[in-house]
Amino acid sequence: AILDALASGDLKYYESTSEEVLDSGISYQVRLCPALAQKHQVRAPTPNIAPDSHDVLKVVETITKTDPFLPPFNTLLVGEMEDADTGETEKDGYYVLLNKYAVARGHFLLVTKLYESQSHPLTPGQLIQTYLLLLAAQSRQRPYFAFFNCGVLSGASQPHKHIQFMPGEPPLERLARSAKIENEARPFVIPKVPFAAHIKRLDRNVVASASSIVTSTYPSSSSSSSEETLDRLGAELSMSFMSVLDEMYQTMRVRAQHNAATGATTTSSDAPSTPSYNVVMTLEHIYLFPRSAEKVVIARDPSGTDEISHLSATKEGDEPFLSLSINSLGFGGMLLVKSSQELERVKTVGIGRMLSEVGMEPTKEEDNKGCDDVFADLT
């Protein structure tokens, strides 16, 4: 499929090189891809339909004219999927598409057939299908991880709901796998990570059972044992996702309280009703990273130090020292840069510092009280 898409011109593959960068004891992968600058010039801008959302016909017209996730897909279409536990019609379900602008070979997407907003959380069915695709890749000795950019500050490039899949393993997974945690039924954090990262380790027994239903003729059979295994997998994924969402809201509440106490400026992302966050999923963990900004902009400081700002350079027209949009890949430990100069500036500023600025600070242990802790206090 990849060779056909490349030959037809439907798939644009951008060569890149990667470098390992150590920052505060954490190993990140920075991928240098000069063609990224050209990509943004070639690709049509993301449509903004919010101002006219009251005009349903105009919204529909905008989506059908600009949405890259509506057919025809030509050679980019890999296949179609539908949830096993719902009575979906032929128009429902998902497309599996090659990413038209690929930095890594094998980068593909799971896209809802019907338009859904990228700002809506993942559903149980979407969590299951994502995990089954990861299992299918693993069964062919091709490990993958998935990521989802949710909300206006998450680094999402398209408003149509899509989950992305990349070959390999996110660098943060090594730290999560080696973490010693007392209760694997609860989310945990990695103390050395300088930004809020809520992580849930998936139940090993459920994972082991789920592996048995993925065969070379995916999807799996509809036997009662397979259905029971899917039900258990769905319950584990849904509960795990809800638990890290709960931790994210607690982080946002603590941030809002701190800002109110100190008089700090807040943004709309602080409101629990409009969260932006990044999700990374592997076969072993679900990660959630709350966001406070979509882009980090480092202004040139006359004093010689680099001042971080969400907005722009300190003076209108000034060239910023560094301006970089960050999505789920960055929080998973993989950053994309467009030039050698940008790479060196990322090293100068520090990756942990950048991620802390566009994410949120980790909460202190005494502030980290989710719903389970609140209910425990009431008993």
# chains A, B, ... in the order shown; residues from 1 in each chain; ligands from 1

call {"tool": "select_by_dssp", "arguments": {"residues": "stretch 85-246 of chain A", "states": "strand (DSSP E)", "output": "JSON, numbers by chain"}}
result
{"A": [94, 95, 96, 97, 98, 101, 102, 108, 109, 110, 111, 112, 144, 145, 146, 147, 148, 149, 150, 162, 163, 164, 165, 166, 167, 198, 199, 200, 201]}

call {"tool": "residues_around", "arguments": {"residues": "A:Lys347", "least_positions_apart": "4", "cutoff": "9 Å", "atoms": "only C-alpha atoms", "output": "PyMOL selection string"}}
result
chain A and resi 21+23+342-343+351

call {"tool": "write_last_selection", "arguments": {"atoms": "N, CA and C atoms", "output": "compact mmCIF listing (two decimals), in the first residue's frame"}}
result
# COMPACT_ATOMS: atom_id res chain seq x y z
N VAL A 21 18.64 13.32 22.46
CA VAL A 21 19.02 14.48 23.26
C VAL A 21 18.70 14.19 24.72
N ASP A 23 18.13 15.41 28.44
CA ASP A 23 17.74 16.64 29.13
C ASP A 23 17.27 16.28 30.53
N GLU A 342 17.21 25.23 14.31
CA GLU A 342 16.11 25.02 15.25
C GLU A 342 16.46 23.92 16.25
N LEU A 343 17.13 22.87 15.78
CA LEU A 343 17.55 21.78 16.65
C LEU A 343 18.49 22.30 17.74
N ILE A 351 14.42 20.80 26.41
CA ILE A 351 13.14 20.19 26.04
C ILE A 351 12.18 20.14 27.23

call {"tool": "residues_around", "arguments": {"residues": "stretch 96-113 of chain A", "least_positions_apart": "2", "cutoff": "9 Å", "atoms": "only C-alpha atoms", "output": "PyMOL selection string"}}
result
chain A and resi 1-2+5+10-16+31+33+36+39+69-70+73+75-81+91-94+115-116+126+129-130+160-167

call {"tool": "atom_distance", "arguments": {"atom1": "atom CA of A:Arg186", "atom2": "atom CA of A:Arg201"}}
result
8.0 Å

call {"tool": "residues_around", "arguments": {"residues": "A:Phe321", "least_positions_apart": "3", "cutoff": "7 Å", "atoms": "only C-alpha atoms", "output": "PyMOL selection string"}}
result
chain A and resi 298-300

call {"tool": "atom_distance", "arguments": {"atom1": "atom CA of A:Ser356", "atom2": "atom CA of A:Thr17"}}
result
25.2 Å

call {"tool": "closest_residue", "arguments": {"among": "A:Phe148, A:Ile286, A:Glu344, A:Asp83", "to": "A:Asp231", "atoms": "only C-alpha atoms"}}
result
A:Asp83

call {"tool": "residues_around", "arguments": {"residues": "stretch 322-328 of chain A", "least_positions_apart": "3", "cutoff": "8 Å", "atoms": "only C-alpha atoms", "output": "ChimeraX atom specification"}}
result
/A:147-149,154-156,278-280,294-299,331-332,335,337,342,345-346,358

call {"tool": "write_last_selection", "arguments": {"atoms": "N, CA, C and O atoms", "output": "compact mmCIF listing (two decimals), in the first residue's frame"}}
result
# COMPACT_ATOMS: atom_id res chain seq x y z
N PHE A 147 -1.32 7.98 19.20
CA PHE A 147 -1.45 9.26 19.91
C PHE A 147 -2.64 10.04 19.38
O PHE A 147 -3.05 9.87 18.23
N PHE A 148 -3.19 10.89 20.25
CA PHE A 148 -4.41 11.63 19.95
C PHE A 148 -4.27 13.04 20.51
O PHE A 148 -3.97 13.22 21.69
N ASN A 149 -4.44 14.04 19.64
CA ASN A 149 -4.36 15.44 20.04
C ASN A 149 -5.77 15.97 20.22
O ASN A 149 -6.52 16.08 19.25
N SER A 154 -3.85 21.48 21.64
CA SER A 154 -3.16 20.19 21.67
C SER A 154 -2.17 19.99 20.54
O SER A 154 -1.43 19.02 20.53
N GLY A 155 -2.18 20.87 19.54
CA GLY A 155 -1.33 20.69 18.38
C GLY A 155 -2.01 19.92 17.26
O GLY A 155 -1.35 19.50 16.31
N ALA A 156 -3.34 19.75 17.34
CA ALA A 156 -4.07 19.04 16.30
C ALA A 156 -4.07 19.87 15.01
O ALA A 156 -4.26 21.08 15.05
N ASN A 278 -3.11 15.90 25.43
CA ASN A 278 -2.54 14.91 24.51
C ASN A 278 -2.62 13.53 25.14
O ASN A 278 -2.42 13.37 26.34
N VAL A 279 -2.91 12.53 24.30
CA VAL A 279 -2.99 11.14 24.75
C VAL A 279 -1.98 10.32 23.96
O VAL A 279 -1.84 10.48 22.74
N VAL A 280 -1.25 9.47 24.66
CA VAL A 280 -0.36 8.49 24.03
C VAL A 280 -0.75 7.11 24.56
O VAL A 280 -0.98 6.96 25.77
N GLU A 294 -0.54 25.88 22.87
CA GLU A 294 -0.29 25.04 21.70
C GLU A 294 1.14 25.17 21.21
O GLU A 294 1.72 24.23 20.69
N LYS A 295 1.71 26.35 21.39
CA LYS A 295 3.04 26.64 20.84
C LYS A 295 3.90 27.30 21.89
O LYS A 295 3.43 28.10 22.70
N VAL A 296 5.17 26.95 21.89
CA VAL A 296 6.13 27.64 22.75
C VAL A 296 6.90 28.63 21.88
O VAL A 296 7.37 28.28 20.80
N VAL A 297 6.97 29.86 22.35
CA VAL A 297 7.67 30.92 21.63
C VAL A 297 8.72 31.51 22.56
O VAL A 297 8.40 32.00 23.64
N ILE A 298 9.95 31.42 22.15
CA ILE A 298 11.05 31.94 22.95
C ILE A 298 11.48 33.28 22.36
O ILE A 298 11.94 33.35 21.22
N ALA A 299 11.27 34.34 23.13
CA ALA A 299 11.62 35.68 22.65
C ALA A 299 13.09 35.95 22.88
O ALA A 299 13.71 35.44 23.81
N PHE A 331 5.32 15.20 23.87
CA PHE A 331 5.17 14.73 25.24
C PHE A 331 5.51 13.26 25.38
O PHE A 331 5.85 12.80 26.48
N GLY A 332 5.42 12.52 24.29
CA GLY A 332 5.85 11.13 24.33
C GLY A 332 7.36 10.99 24.25
O GLY A 332 7.89 9.89 24.39
N LEU A 335 10.33 14.99 19.32
CA LEU A 335 10.08 16.33 18.80
C LEU A 335 10.48 16.41 17.34
O LEU A 335 11.42 15.75 16.91
N VAL A 337 11.69 19.04 14.29
CA VAL A 337 12.22 20.37 13.99
C VAL A 337 12.50 20.46 12.50
O VAL A 337 12.66 19.44 11.81
N GLU A 342 17.21 25.23 14.31
CA GLU A 342 16.11 25.02 15.25
C GLU A 342 16.46 23.92 16.25
O GLU A 342 16.13 24.01 17.44
N ARG A 345 18.73 25.32 18.88
CA ARG A 345 18.00 26.21 19.79
C ARG A 345 17.13 25.43 20.76
O ARG A 345 16.94 25.84 21.90
N VAL A 346 16.58 24.30 20.30
CA VAL A 346 15.83 23.42 21.20
C VAL A 346 16.75 22.92 22.31
O VAL A 346 16.38 22.90 23.50
N VAL A 358 4.30 24.55 27.72
CA VAL A 358 3.07 24.32 26.95
C VAL A 358 2.17 23.29 27.62
O VAL A 358 1.00 23.15 27.25
